[in-house]
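Working notes, beginning with the structure itself.
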Amino acid sequence: MMRVNLTLKPMGSWSIPIEAESIIPANFLSGTDLTVWRGNRELGLEEAFSVSVVGGADRAEDVEIVLAGKTARLKRVGEYMDAGKITVLGDIGMHCGNFMTGGTIEIQGNADGWLGREMGGGSIICRGNAADYCASGYRGGRKGMTGGRVEVYGRVGDFLAENLAGGTVIVHGDAGDMPGAEMRGGTLIIHGDCTRPAANMKDGACYVYGTARWMLPTFRNLGTVRHEGRTLIQFTGDVANRGKGNLFVGNYEYLD
Amino acid sequence: MKFLMNTGRTVNQGVTVENKGSVEYAREASTCFMHEFDMLELGVDDGDPVLVRGPVGEVVMRVKASVEVEIGTVFVPYGPYANHIVAADTHSTGMPDFKSHEVEIEPTDEEPKLVYELMEDLGGLAYER
Amino acid sequence: MTELLVKNAHVIDPLSGINGETMDIAIRDGKIVEEVSAAAEVIDARGMLTMPGGIDSHTHICGTKVNFGRYMSPEDMRAGRTPRRGPMHATSGYSVPTTYGNSYRYSVMGYTTLLEGAMAPLEARHTHEEFTYTPLQDTMANTLFDGNWSIMEAIRDGDVKRVAAIIAWTLSAVKGFGVKLTNPGGTEAWQWGKNVSCIRDPVPYFGVTPAEIIRSVIEANELLHLPHSVHLHCNNLGTPGNYTCTLGSLGLAPDLNPRRQTLYATHVQFHAYGGSGWKDFSSKSEPIANLVNMRPQVVIDMGQILFGRTTTMTADGPMEFNLYRLHHEKWSNHDVELETGSGIIPVIYRRKNLVNSVMWAIGLELALLTKSPWQCLLTTDNPNGAPFVRYPEIIGLLMSRRYRDAEFATIHPDTGSRVPLPAIDREMDWYEIAVMTRAGQARALGIQDLGKGHLAPGADADVAIYPIRIDEVDPSADYQKVIDGFSRTEYTIKRGRVVARRGECVVHGSNSTLWVRPKVSENYDMGKDPEFVEKFDRYYTVRMSNYPVQEQYLNRSRCIETETEL
Amino acid sequence: MNVKDAVCPFCGCLCDDIEVEIEGDRLVGVTNACELGATKFLGGERLKSPIRREGKAWKEISYDEAIRYAADMLLDAERPLLYGWSGTHGEAQCVGVHMAELVRGVIDNTSSVCHGPSVLAIQEVGHPGCTLGVVKNRADLLIYWGSNPIDAHPRHLSRYTCYAEGFFLENAFRDRKVVVVDVRKTQTANIADEFVRVRPGGDYAILSALRTIVRGKTDTIPRMVAGVTRDQLIRVADLCLNAKFGAVYFGLGLTMIPGKYKNIRNAIELVTELNRHTKFTISAMRGHYNVYGSNEVNTWMTGYPFAIDFSRGIAFYNPGETTAVDVLARKECDAALIVGSDPAAHFPRRCIEHLAEIPVVQLDPYPNATTAFCKVQIPVAVTGVDAEGTAYRMDGVPIRTRKVLSSDYLSDEEVLSRMYALMQEALKR
């Protein structure tokens with residue numbers, strides 16, 4: 001096993017984000033001669049981080065990266081990650097785990113926007129809150145997340161799991177506006193409340209255990225069902241979009 | 001009282017927009033259009049100053065009766081007064097909630113500031129006073 | 001004075017009658033000359049295949065609808081991004097690259113002249129602005145007349161000279177090069193959500209038929225002595241059984257011009273379909289090619305498709321809506337007042353799809369069954385059939401039966417019974433490829449006298465030197481070498497300067513735009529025609545004085561004045 | 001002297017039939033323009049020369065000095081923001097893109113706080129549109145949704161839609177029906193045949209409901225949707241289906257409310273659905289006279305219409321991250337060049353607070369709210385008045401604005417080109 005400890009050094013007066021897509025387990029198999037970017041300046045990994053490596057590994061599966069320091073503006077960590085583990089002790093910046101296909105990312109704090117964008121596999125656990133576009137897709141793209149699992153213990157922002165096409169997304173707290181918009185597959189589970197779930201959905205399953213506010217009027221009510229010990233109201237739609245998705249809600253309120 | 005604040009363009013705002021130092025621009029952009037019933041309840045008349053408090057700050061405007069706005073909502077022309085209290089959160093779309101902000105409005109004795117005073121409050125230095 | 005000497009090149013230059021001679025090419029101040037001084041810079045092209053710069057006679061690279069294709073497709077843009085490097089600006093995009101992306105990628109493939117296939121006159125300024133940012137090729141624009149109200153009215157009145165006068169005024173105003181008809185009449189009908197099904201359907205309100213539009217505009221085109229012929233995108237694109245409509249349209253072309261064709265039919269692959277629906281969809285390349293073989297007044301281009309992702313864009317608005325209803329992705333449409341329209345949707349052509357497999361075969365068949373390469377030019381209707389960066393694959397397919405068979409084995413298994421391709425043995429040679437990618441284009445566009453498409457003294461010094469030794473490569477077997485060779489020149493020379501070298505563009509460049517000003521007598525100056533002016537003022541939303549494209553939009557203006565019969 | 005067919009550089013209508021009267025070097029009269037346009041032509045008190053802030057005072061400086069300051073500022077920055085661009089001509093916008101590419105900065109235009117959400121929607125589902133003249137000549141149904149042309153685009157109705165002469169309409173005024181959908185009963189709502197008053201935030205639900213009704217699934221819809229009765233929705237759907245040519249013009253009433261671009265997407269999908277039955281188009285009421293041009297220029301040069309981040313050399317696009325409001329509010333830039341806009345008047349306060357902390361250079365003919373946050377402001381000629389150049393109308397039609405007056409002011413393009421040349425030279429060294 002190899003453990004890579006990276007502690008972000010304090011940066012200058014502005015909060016210019018650092019992009020660090022080089023931080024994935026596989027890259028550390030061949031050393032720490034990596035670079036990151038702050039704005040338009042390329043920095044050596046050790047200019048930005050205190051680096052220590054404990055142990056060794058031959059394959060990415062056996063590498064764990066532990067990120068410490070004020071990492072809330074550190075972007076693109078874990079992008080294209082395919083194996084191994086990244087643990088973030090604090091908060092993490094945007095685009096963590098983009099295009100990830102395998103391995104695990106665990107964030108002890110909060111995650112900024114686009115957590116696990118266009119993810120294809122692996123798993124992301126966020127102990128705090130996640131911001132907008134968690135488990136979503138790219139602008140203009142047809143498919144968002146296609147596989148894997150994202151689990152957020154806190155609440156999430158707007159446009160959660162937009163264009164979800166596969167995989168599972170679980171949020172234990174509340175979600176913001178329009179979770180599961182344009183869903184075409186996969187499973188989205190929100191334990192708390194949200195507004196306008198599954199707007200324009202085509203297919204897939206969306207569960208809201210709490211209350212769906214501003215429930216869209218274009219879903220057909222199919223009556224109640226039992227689901228994992230809960231009674232939920234089942235809808236199908238979005239009829240506006242010729243959709244055949246399933247939306248289950250604990251409770252709902254129209255904006256009438 | 002709580003209101004939903006909407007902002008937008010008006011002819012007068014458009015006519016004065018190239019001359020932001022002018023009294024006319026300040027007057028237009030600091031107008032808070034309100035339904036007459038709400039004005040009654042708030043105890044204000046046309047032209048009275050009101051303190052509008054939003055999620056990130058407060059600003060003084062002058063109220064004006066309008067038949068266009070619904071009860072419970074106010075309309076403020078785009079500009080530095082409305083933006084003094086509008087939050088910068090864009091829900092990661094690039095666009096703030098310019099047209100849907102919950103605000104608290106109460107009568108006040110203060111006068112609306114001039115545009116340059118608002119700018120200096122935020123750390124700027126006015127060129128023309 | 002700048003001089004350049006390309007030594008020991010292995011030259012194929014069909015318009016000069018040169019087929020594989022080792023020779024030197026002398027260049028002075030942007031032109032080919034007999035000889036240069038000893039001070040000339042020397043490029044050793046020993047044994048390398050050297051041809052006039054490539055010419056694309058039908059591509060979509062600049063203008064309103066191309067840019068909208070970019071605008072609506074951030075997912076396409078991120079596919080081909082490069083940073084600013086040396087004299088090269090940043091680029092983005094795969095199927096609809098940015099202007100710099102188009103220009104650099106074409107240049108690396110040895111292309112030096114491009115014809116934008118469709119420019120709406122009202123929005124011509126936009127096309128010219130983008131031309132300026134397409135620095136490494138000379139540019140020209142086909143101008144759309146398919147739904148032009150004044151022209152349809154003149155046709156209804158039987159006044160071909162007036163048709164010609166309107167074309168003359170418009171080309172001069174918008175700095176257009178040729179006359180384009182896209183689904184003639186159909187784009188006007190589409191402004192009511194309707195279409196015309198073939199050449200005998202009258203256009204709503206105007207009453208004229210596509211056949212009348214095609215015939216009258218051909219006559220008008222020849223009255224104006226334009227360098228290029230009418231450039232036709234036939235009615236009924238993309239529908240099963242449309243080949244009869246195509247045959248009918250090609251049959252309308254009279255033989256009026258001894259120097260070139262009188263009808264250029266574009267992306268004919270999309271118009272050569274048999275069957276009564278998608279279930280019995282089949283190739284009708286044979287009857288089309290047979291007709292072309294009998295009619296020297298017709299030139300076609302392939303409109304080849306290749307499997308993969310691309311974006312379709314055309315002035316043919318109704319066709320794009322029908323395509324949208326099949327694909328259900330995203331759909332854009334843009335109708336242009338009094339003139340034309342356009343539509344855009346992204347598509348993916350799949351090997352496992354029978355219709356797509358048949359389409360793939362048809363393009364190749366058209367090229368292989370048309371006897372003269374001068375009559376069937378190599379295009380994909382970029383980016384409709386595939387992005388132009390894939391032209392080398394098409395060259396490989398045309399030159400190698402083995403490559404075709406290998407590809408055929410991977411497509412839908414039922415394709416064989418619906419297409420004649422498996423029975424075609426023809427393998428094209430280097431000379432024929434040179435015709436299909438530059439010489440034929442120059443002749444069809446009527447620009448060989450302007451120094452395009454050949455390397456005779458006096459010609460523009462636009463030269464493509466490919467790292468291919470044609471005496472060592474057997475294209476039939478080594479098709480991958482052919483593809484690689486045509487993908488990246490050793491040198492691309494534009495106006496006497498090396499602009500690209502082994503995949504890198506080495507100068508910023510500066511395009512010139514070719515356009516036509518037909519000289520007509522006072523009586524036929526539509527700018528002074530009271531009826532024309534009044535209609536313009538009442539129904540356009542732009543003032544007539546603000547309509548013409550000012551010359552400052554043309555980076556290096558090359559105006560071609562024609563003597564007309566008006 | 002009178003100049004005919006001048007082009008109005010105020011709003012996206014880009015009216016090109018303006019007549020201006022010139023006396024010497026002054027513009028004294030404007031005919032045909034609306035009140036907004038006339039005011040713009042007549043202008044106000046401009047800055048005489050570049051100014052530089054020194055402590056608590058302003059000092060006049062030379063153009064050379066001002067341009068050099070701006071070039072150095074951009075070269076020194078780690079993530080400069082180049083913002084605005086809608087109030088200038090296309091040629092200047094092109095230089096701006098080259099500059100952003102060279103210094104690896106973020107370039108964004110005012111559409112991010114205007115119709116940026118509309119762009120995002122178009123990127124999801126496309127855009128069935130047309131030029132204004134198609135509507136003028138054909139449309140028998142007009143829908144203004146969340147837009148108020150009488151205040152924001154005063155000549156839209158008379159020049160292009162309701163009151164314009166139309167080739168296929170016998171009596172445009174009588175033969176066209178108008179539907180207005182808004183949360184306020186605006187001036188435009190007063191002229192509507194059908195006014196649909198929506199509860200704030202309810203537009204998305206209404207649009208979904210209309211799509212469902214057009215599809216014939218009316219029974220799914222509750223009796224009341226966001227303050228609108230089902231009966232009224234059915235009536236509106238029937239008006240749409242019975243129109244020969246319908247045109248929707250939407251405004252910021254759809255882009256600035258919750259859901260943002262999803263509202264536009266829904267509106268576009270309604271129009272796409274209607275095209276299965278009749279002819280329908282939809283278009284955005286663009287604000288600045290050349291905001292659409294800025295989208296066009298950015299697109300052909302970078303691949304994206306706005307919000308482009310060149311930090312890493314290649315063009316990266318992610319509105320919400322690379323848009324000006326987000327960059328400023330998150331303090332993610334360390335210098336700003338502002339051209340042809342006034343963010344201090346139009347951005348939320350947190351953005352302005354960051355402008356106060358970083359070096360800012362602005363190109364603008366007039367002192368404005370952003371002046372207060374500038375280190376340097378450079379006065380320029382006004383496009384359409386004393387400078388010319390290309391602008392794109394709200395429907396994508398490019399028109400060359402005219403220079404109707406001569407002045408000593410440099411155009412935006414000239415100032416930016418000089419700046420760019422200095423930057424190129426510095427990087428060569």
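Starting from 1 in every chain, residues are counted up; chains themselves are A, B, ... following the order of the structure tokens, and ligands are numbered from 1 as listed.
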
12 Å contact set for D:Cys13, only C-alpha atoms, chain neighbours under 6 positions out, as a PDB file with C-alpha atoms, in the first residue's frame:
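Generated output (selection_2.pdb):
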```pdb
ATOM      1  CA  THR C 541     -36.514  44.540 -42.193  1.00  0.00           C
ATOM      2  CA  VAL C 542     -33.179  45.955 -43.314  1.00  0.00           C
TER       3      VAL C 542
ATOM      4  CA  VAL D   7     -28.179  52.269 -37.313  1.00  0.00           C
ATOM      5  CA  ALA D  33     -35.672  56.373 -33.248  1.00  0.00           C
ATOM      6  CA  CYS D  34     -37.507  55.543 -30.031  1.00  0.00           C
ATOM      7  CA  LEU D  36     -34.081  55.212 -25.845  1.00  0.00           C
ATOM      8  CA  GLY D  37     -32.300  55.352 -29.171  1.00  0.00           C
ATOM      9  CA  THR D 131     -35.264  36.520 -38.910  1.00  0.00           C
ATOM     10  CA  LEU D 132     -37.601  39.294 -37.810  1.00  0.00           C
ATOM     11  CA  GLY D 133     -38.864  39.817 -41.345  1.00  0.00           C
ATOM     12  CA  PRO D 149     -41.096  45.368 -25.478  1.00  0.00           C
ATOM     13  CA  ALA D 152     -37.340  47.583 -23.299  1.00  0.00           C
ATOM     14  CA  HIS D 153     -37.590  47.331 -27.122  1.00  0.00           C
ATOM     15  CA  PRO D 154     -40.027  50.085 -27.975  1.00  0.00           C
ATOM     16  CA  ARG D 155     -40.059  49.632 -31.759  1.00  0.00           C
ATOM     17  CA  HIS D 156     -40.220  45.850 -31.780  1.00  0.00           C
ATOM     18  CA  LEU D 157     -43.993  45.873 -32.118  1.00  0.00           C
ATOM     19  CA  SER D 158     -44.247  48.555 -34.772  1.00  0.00           C
ATOM     20  CA  ARG D 159     -41.243  47.644 -36.869  1.00  0.00           C
ATOM     21  CA  TYR D 160     -41.188  43.875 -36.754  1.00  0.00           C
ATOM     22  CA  THR D 161     -44.321  42.350 -35.288  1.00  0.00           C
ATOM     23  CA  ALA D 284     -34.902  35.873 -27.368  1.00  0.00           C
ATOM     24  CA  MET D 285     -35.393  39.609 -26.937  1.00  0.00           C
ATOM     25  CA  ARG D 286     -31.717  40.506 -26.795  1.00  0.00           C
ATOM     26  CA  GLY D 287     -30.863  43.613 -24.812  1.00  0.00           C
ATOM     27  CA  HIS D 288     -27.660  45.360 -25.906  1.00  0.00           C
ATOM     28  CA  TYR D 289     -27.487  46.253 -29.572  1.00  0.00           C
ATOM     29  CA  ASN D 290     -24.563  43.907 -30.116  1.00  0.00           C
ATOM     30  CA  VAL D 291     -24.784  41.319 -27.391  1.00  0.00           C
ATOM     31  CA  TYR D 292     -25.705  38.787 -30.024  1.00  0.00           C
ATOM     32  CA  ALA D 391     -23.336  44.567 -34.968  1.00  0.00           C
ATOM     33  CA  TYR D 392     -25.672  41.561 -34.939  1.00  0.00           C
ATOM     34  CA  ARG D 393     -29.364  42.152 -34.497  1.00  0.00           C
ATOM     35  CA  MET D 394     -31.299  39.984 -32.040  1.00  0.00           C
ATOM     36  CA  ASP D 395     -32.178  37.597 -34.894  1.00  0.00           C
ATOM     37  CA  GLY D 396     -28.580  37.188 -36.073  1.00  0.00           C
ATOM     38  CA  VAL D 397     -28.716  39.616 -38.997  1.00  0.00           C
ATOM     39  CA  PRO D 398     -25.399  41.481 -39.159  1.00  0.00           C
ATOM     40  CA  ILE D 399     -25.598  45.176 -39.946  1.00  0.00           C
TER      41      ILE D 399
END
```

Practice problem: With a distance threshold of 10 Å and counting only C-alpha atoms, extract the residues of chain B near chain A and express them as a list of chain:residue names. | Solution: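 Listing them in order of chain and number gives B:Thr90, B:His91, B:Ser92, B:Thr93.
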
Quiz item: Between D:Thr390, D:Ser407, D:Thr229, D:Thr188, which is the closest to chain A once you count only C-alpha atoms?
Solution: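 Of all the options, D:Thr229 lies closest to chain A.
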
Practice problem: Select residues of chain D: the criterion is any atom within 7 Å of an atom of chain B, counting only C-alpha atoms; output as a ChimeraX atom specification. | Solution: /D:35-36,39,44,56,58,112-113,151-152,184-186,256-257,319-321,323,325-326,329,345-350,352-353,356,368-369,371-373

Select residues of chain A: the criterion is any atom within 10 Å of an atom of chain C, counting only C-alpha atoms; output as a compact mmCIF listing (two decimals) with N, CA and C atoms, in the first residue's frame.
```
# COMPACT_ATOMS: atom_id res chain seq x y z
N TYR A 138 -22.54 17.42 -18.79
CA TYR A 138 -21.88 18.62 -19.32
C TYR A 138 -22.89 19.41 -20.13
N ARG A 139 -22.64 20.71 -20.23
CA ARG A 139 -23.50 21.60 -21.01
C ARG A 139 -23.72 21.05 -22.41
N GLY A 140 -24.98 20.89 -22.77
CA GLY A 140 -25.27 20.47 -24.13
C GLY A 140 -25.19 18.98 -24.35
N GLY A 141 -24.62 18.25 -23.40
CA GLY A 141 -24.49 16.80 -23.59
C GLY A 141 -25.81 16.10 -23.31
N ARG A 142 -25.98 14.92 -23.88
CA ARG A 142 -27.24 14.21 -23.71
C ARG A 142 -27.24 13.33 -22.47
```

Practice problem: Determine, counting only C-alpha atoms, which protein, DNA and RNA residues have an atom within 9 Å of an atom of stretch 179-190 of chain A; residues of the same chain fewer than 2 positions away are not included. Present the result as a PyMOL selection string. | Solution: (chain A and resi 133+136+143-147+157-177+192-210+243+245) or (chain D and resi 262)

Quiz item: Looking only at the backbone, which of the residues in stretch 15-102 of chain B does DSSP tag as alpha helix (DSSP H), as an MDAnalysis selection string?
Solution: chainID B and resid 15:16 23:29 36:42 80:83

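Residues lying within 7 Å of stretch 30-46 of chain C, counting only C-alpha atoms and ignoring same-chain neighbours fewer than 4 positions away, are Glu3, Leu4, Leu5, Val6, Lys7, Asn8, Ala9, Ala26, Leu455, Ala456, Pro457, Gly458, Ala459, Asp460, Ala461, Arg495 and Gly496 of chain C.
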
Sorted per-residue table, chain D near chain A, closest atoms and distance, 6 Å, only C-alpha atoms, as a Markdown table:
```
| residue | atom | partner | partner_atom | distance |
| --- | --- | --- | --- | --- |
| D:Glu78 | CA | A:Gly39 | CA | 5.2 |
| D:Arg79 | CA | A:Gly39 | CA | 5.0 |
| D:Arg104 | CA | A:Asn40 | CA | 6.0 |
| D:Gln123 | CA | A:Gly140 | CA | 4.6 |
| D:Glu124 | CA | A:Gly140 | CA | 4.5 |
| D:Ala205 | CA | A:Leu216 | CA | 5.8 |
| D:Ser208 | CA | A:Ala240 | CA | 5.5 |
| D:Arg211 | CA | A:Ala240 | CA | 5.3 |
| D:Thr212 | CA | A:Ala240 | CA | 4.5 |
| D:Ile221 | CA | A:Pro217 | CA | 5.7 |
| D:Met224 | CA | A:Asp256 | CA | 5.4 |
| D:Val225 | CA | A:Asp256 | CA | 4.8 |
| D:Ala226 | CA | A:Asp256 | CA | 4.3 |
| D:Gly227 | CA | A:Asp256 | CA | 5.4 |
| D:Ser311 | CA | A:Asn40 | CA | 4.4 |
| D:Arg312 | CA | A:Asn40 | CA | 5.9 |
| D:Lys331 | CA | A:Ser15 | CA | 5.7 |
| D:Glu332 | CA | A:Ile16 | CA | 4.5 |
```

Please identify every residue of chain D that has at least one atom no farther than 8 Å from an atom of chain C, counting only C-alpha atoms, and for each give the shortest atom pair and the distance in Å to one decimal, arranged by chain then increasing number, as a Markdown table.
```
| residue | atom | partner | partner_atom | distance |
| --- | --- | --- | --- | --- |
| D:Asp5 | CA | C:Arg543 | CA | 6.8 |
| D:Asp16 | CA | C:Arg543 | CA | 6.5 |
| D:Asp17 | CA | C:Arg543 | CA | 6.6 |
| D:Glu101 | CA | C:Arg84 | CA | 7.1 |
| D:Leu102 | CA | C:Arg84 | CA | 7.5 |
| D:Val119 | CA | C:Met72 | CA | 7.6 |
| D:Ile122 | CA | C:Met72 | CA | 5.8 |
| D:Gln123 | CA | C:Met72 | CA | 4.2 |
| D:Glu124 | CA | C:Lys330 | CA | 6.7 |
| D:Val125 | CA | C:Lys330 | CA | 4.3 |
| D:Gly126 | CA | C:Trp331 | CA | 4.6 |
| D:His127 | CA | C:Ser332 | CA | 4.2 |
| D:Pro128 | CA | C:Asn333 | CA | 4.3 |
| D:Gly129 | CA | C:His334 | CA | 4.9 |
| D:Cys130 | CA | C:Asp335 | CA | 4.3 |
| D:Thr131 | CA | C:Val336 | CA | 5.3 |
| D:Leu132 | CA | C:Thr541 | CA | 6.9 |
| D:Gly133 | CA | C:Glu337 | CA | 5.1 |
| D:Val134 | CA | C:Glu337 | CA | 4.7 |
| D:Lys136 | CA | C:Tyr539 | CA | 7.9 |
| D:Asn137 | CA | C:Tyr539 | CA | 6.8 |
| D:Arg159 | CA | C:Thr541 | CA | 7.8 |
| D:Tyr160 | CA | C:Thr541 | CA | 7.2 |
| D:Glu165 | CA | C:Arg538 | CA | 7.4 |
| D:Gly166 | CA | C:Tyr539 | CA | 6.9 |
| D:Phe167 | CA | C:Tyr539 | CA | 6.6 |
| D:Lys244 | CA | C:Trp192 | CA | 7.1 |
| D:Phe245 | CA | C:Trp192 | CA | 6.7 |
| D:Asn275 | CA | C:Gly193 | CA | 7.2 |
| D:Thr278 | CA | C:Gly193 | CA | 6.1 |
| D:Lys279 | CA | C:Gly193 | CA | 4.8 |
| D:Glu296 | CA | C:Asn67 | CA | 7.0 |
| D:Thr299 | CA | C:Tyr71 | CA | 5.9 |
| D:Trp300 | CA | C:Thr98 | CA | 5.0 |
| D:Met301 | CA | C:Thr98 | CA | 5.6 |
| D:Thr302 | CA | C:Thr98 | CA | 6.2 |
| D:Gly303 | CA | C:Thr98 | CA | 5.5 |
| D:Tyr304 | CA | C:Tyr71 | CA | 6.0 |
| D:Pro305 | CA | C:Tyr71 | CA | 6.1 |
| D:Arg312 | CA | C:Pro83 | CA | 8.0 |
| D:Gly313 | CA | C:Pro83 | CA | 4.6 |
| D:Ile314 | CA | C:Pro83 | CA | 4.4 |
| D:Ala315 | CA | C:Arg81 | CA | 7.0 |
| D:Phe316 | CA | C:Arg78 | CA | 7.8 |
| D:Tyr317 | CA | C:Pro74 | CA | 7.8 |
| D:Gly396 | CA | C:Thr64 | CA | 7.4 |
| D:Val397 | CA | C:Glu123 | CA | 5.5 |
| D:Pro398 | CA | C:Glu123 | CA | 6.1 |
| D:Ile399 | CA | C:Asn546 | CA | 6.8 |
| D:Arg400 | CA | C:Asn546 | CA | 7.1 |
```

Practice problem: Please give the complete set of residues from stretch 3-112 of chain A that DSSP, run on the backbone, assigns to strand (DSSP E), formatted as a ChimeraX atom specification. | Solution: /A:3-8,18-19,35-38,41-44,49-55,63-68,74-75,85-88,104-107

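Atom CA of D:Ile143 is found 17.1 Å from atom CA of D:Ile213.
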
Exercise. Tell me, in Å to one decimal, how far atom CA of B:Asp46 is from atom CA of B:Arg62.
Key: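 Straight-line distance from atom CA of B:Asp46 to atom CA of B:Arg62 works out to 7.8 Å.
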
Quiz item: Which residues, written as a list of chain:residue names, have at least one atom at most 6 Å from C:Ile305, with only C-alpha atoms counted and residues fewer than 3 positions away on the same chain left out?
Solution: C:Trp360, C:Gly385, C:Ala386

Exercise. Could you give me, as a ChimeraX atom specification, the residues within 7 Å of B:Pro49, counting only C-alpha atoms and dropping anything in the same chain fewer than 3 positions from it?
Key: /B:60-63,107-111

Write the residues of the selection above to a file with N, CA and C atoms, as a CSV table (one decimal), in the first residue's frame.
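The resulting file, out.csv, is reproduced below:
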```csv
chain,number,residue,atom,x,y,z
B,60,VAL,N,-32.0,52.3,0.6
B,60,VAL,CA,-33.2,53.1,0.7
B,60,VAL,C,-33.7,53.5,-0.7
B,61,MET,N,-35.0,53.3,-0.9
B,61,MET,CA,-35.6,53.6,-2.2
B,61,MET,C,-36.8,54.5,-1.9
B,62,ARG,N,-37.4,55.0,-3.0
B,62,ARG,CA,-38.7,55.7,-2.8
B,62,ARG,C,-39.8,54.9,-3.4
B,63,VAL,N,-40.9,54.8,-2.7
B,63,VAL,CA,-42.0,53.9,-3.2
B,63,VAL,C,-42.9,54.7,-4.2
B,107,PRO,N,-40.9,51.5,6.3
B,107,PRO,CA,-40.8,53.0,6.1
B,107,PRO,C,-39.5,53.5,6.8
B,108,THR,N,-38.9,54.5,6.3
B,108,THR,CA,-37.7,55.1,6.9
B,108,THR,C,-37.7,56.6,6.8
B,109,ASP,N,-36.9,57.2,7.5
B,109,ASP,CA,-36.7,58.7,7.4
B,109,ASP,C,-35.5,59.0,6.6
B,110,GLU,N,-34.7,58.0,6.3
B,110,GLU,CA,-33.5,58.3,5.5
B,110,GLU,C,-33.9,58.6,4.0
B,111,GLU,N,-32.9,59.3,3.3
B,111,GLU,CA,-33.1,59.6,1.9
B,111,GLU,C,-32.3,58.6,1.1
```

Self-check item: Point-to-point distance from atom CA of D:Leu241 to atom CA of C:Asp146, Å rounded to tenths
Solution: 28.2 Å

Self-check item: Distance query C:Ser417 at most 12 Å, only C-alpha atoms, self and fewer than 2 positions along chain excluded, as a PyMOL selection string
Solution: chain C and resi 280-283+354+357-358+361+412-415+419-423

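The residue that comes closest to C:Asn142, out of C:His233, C:Leu223, C:Tyr111, C:Met88 and on the basis of only C-alpha atoms, is C:His233.
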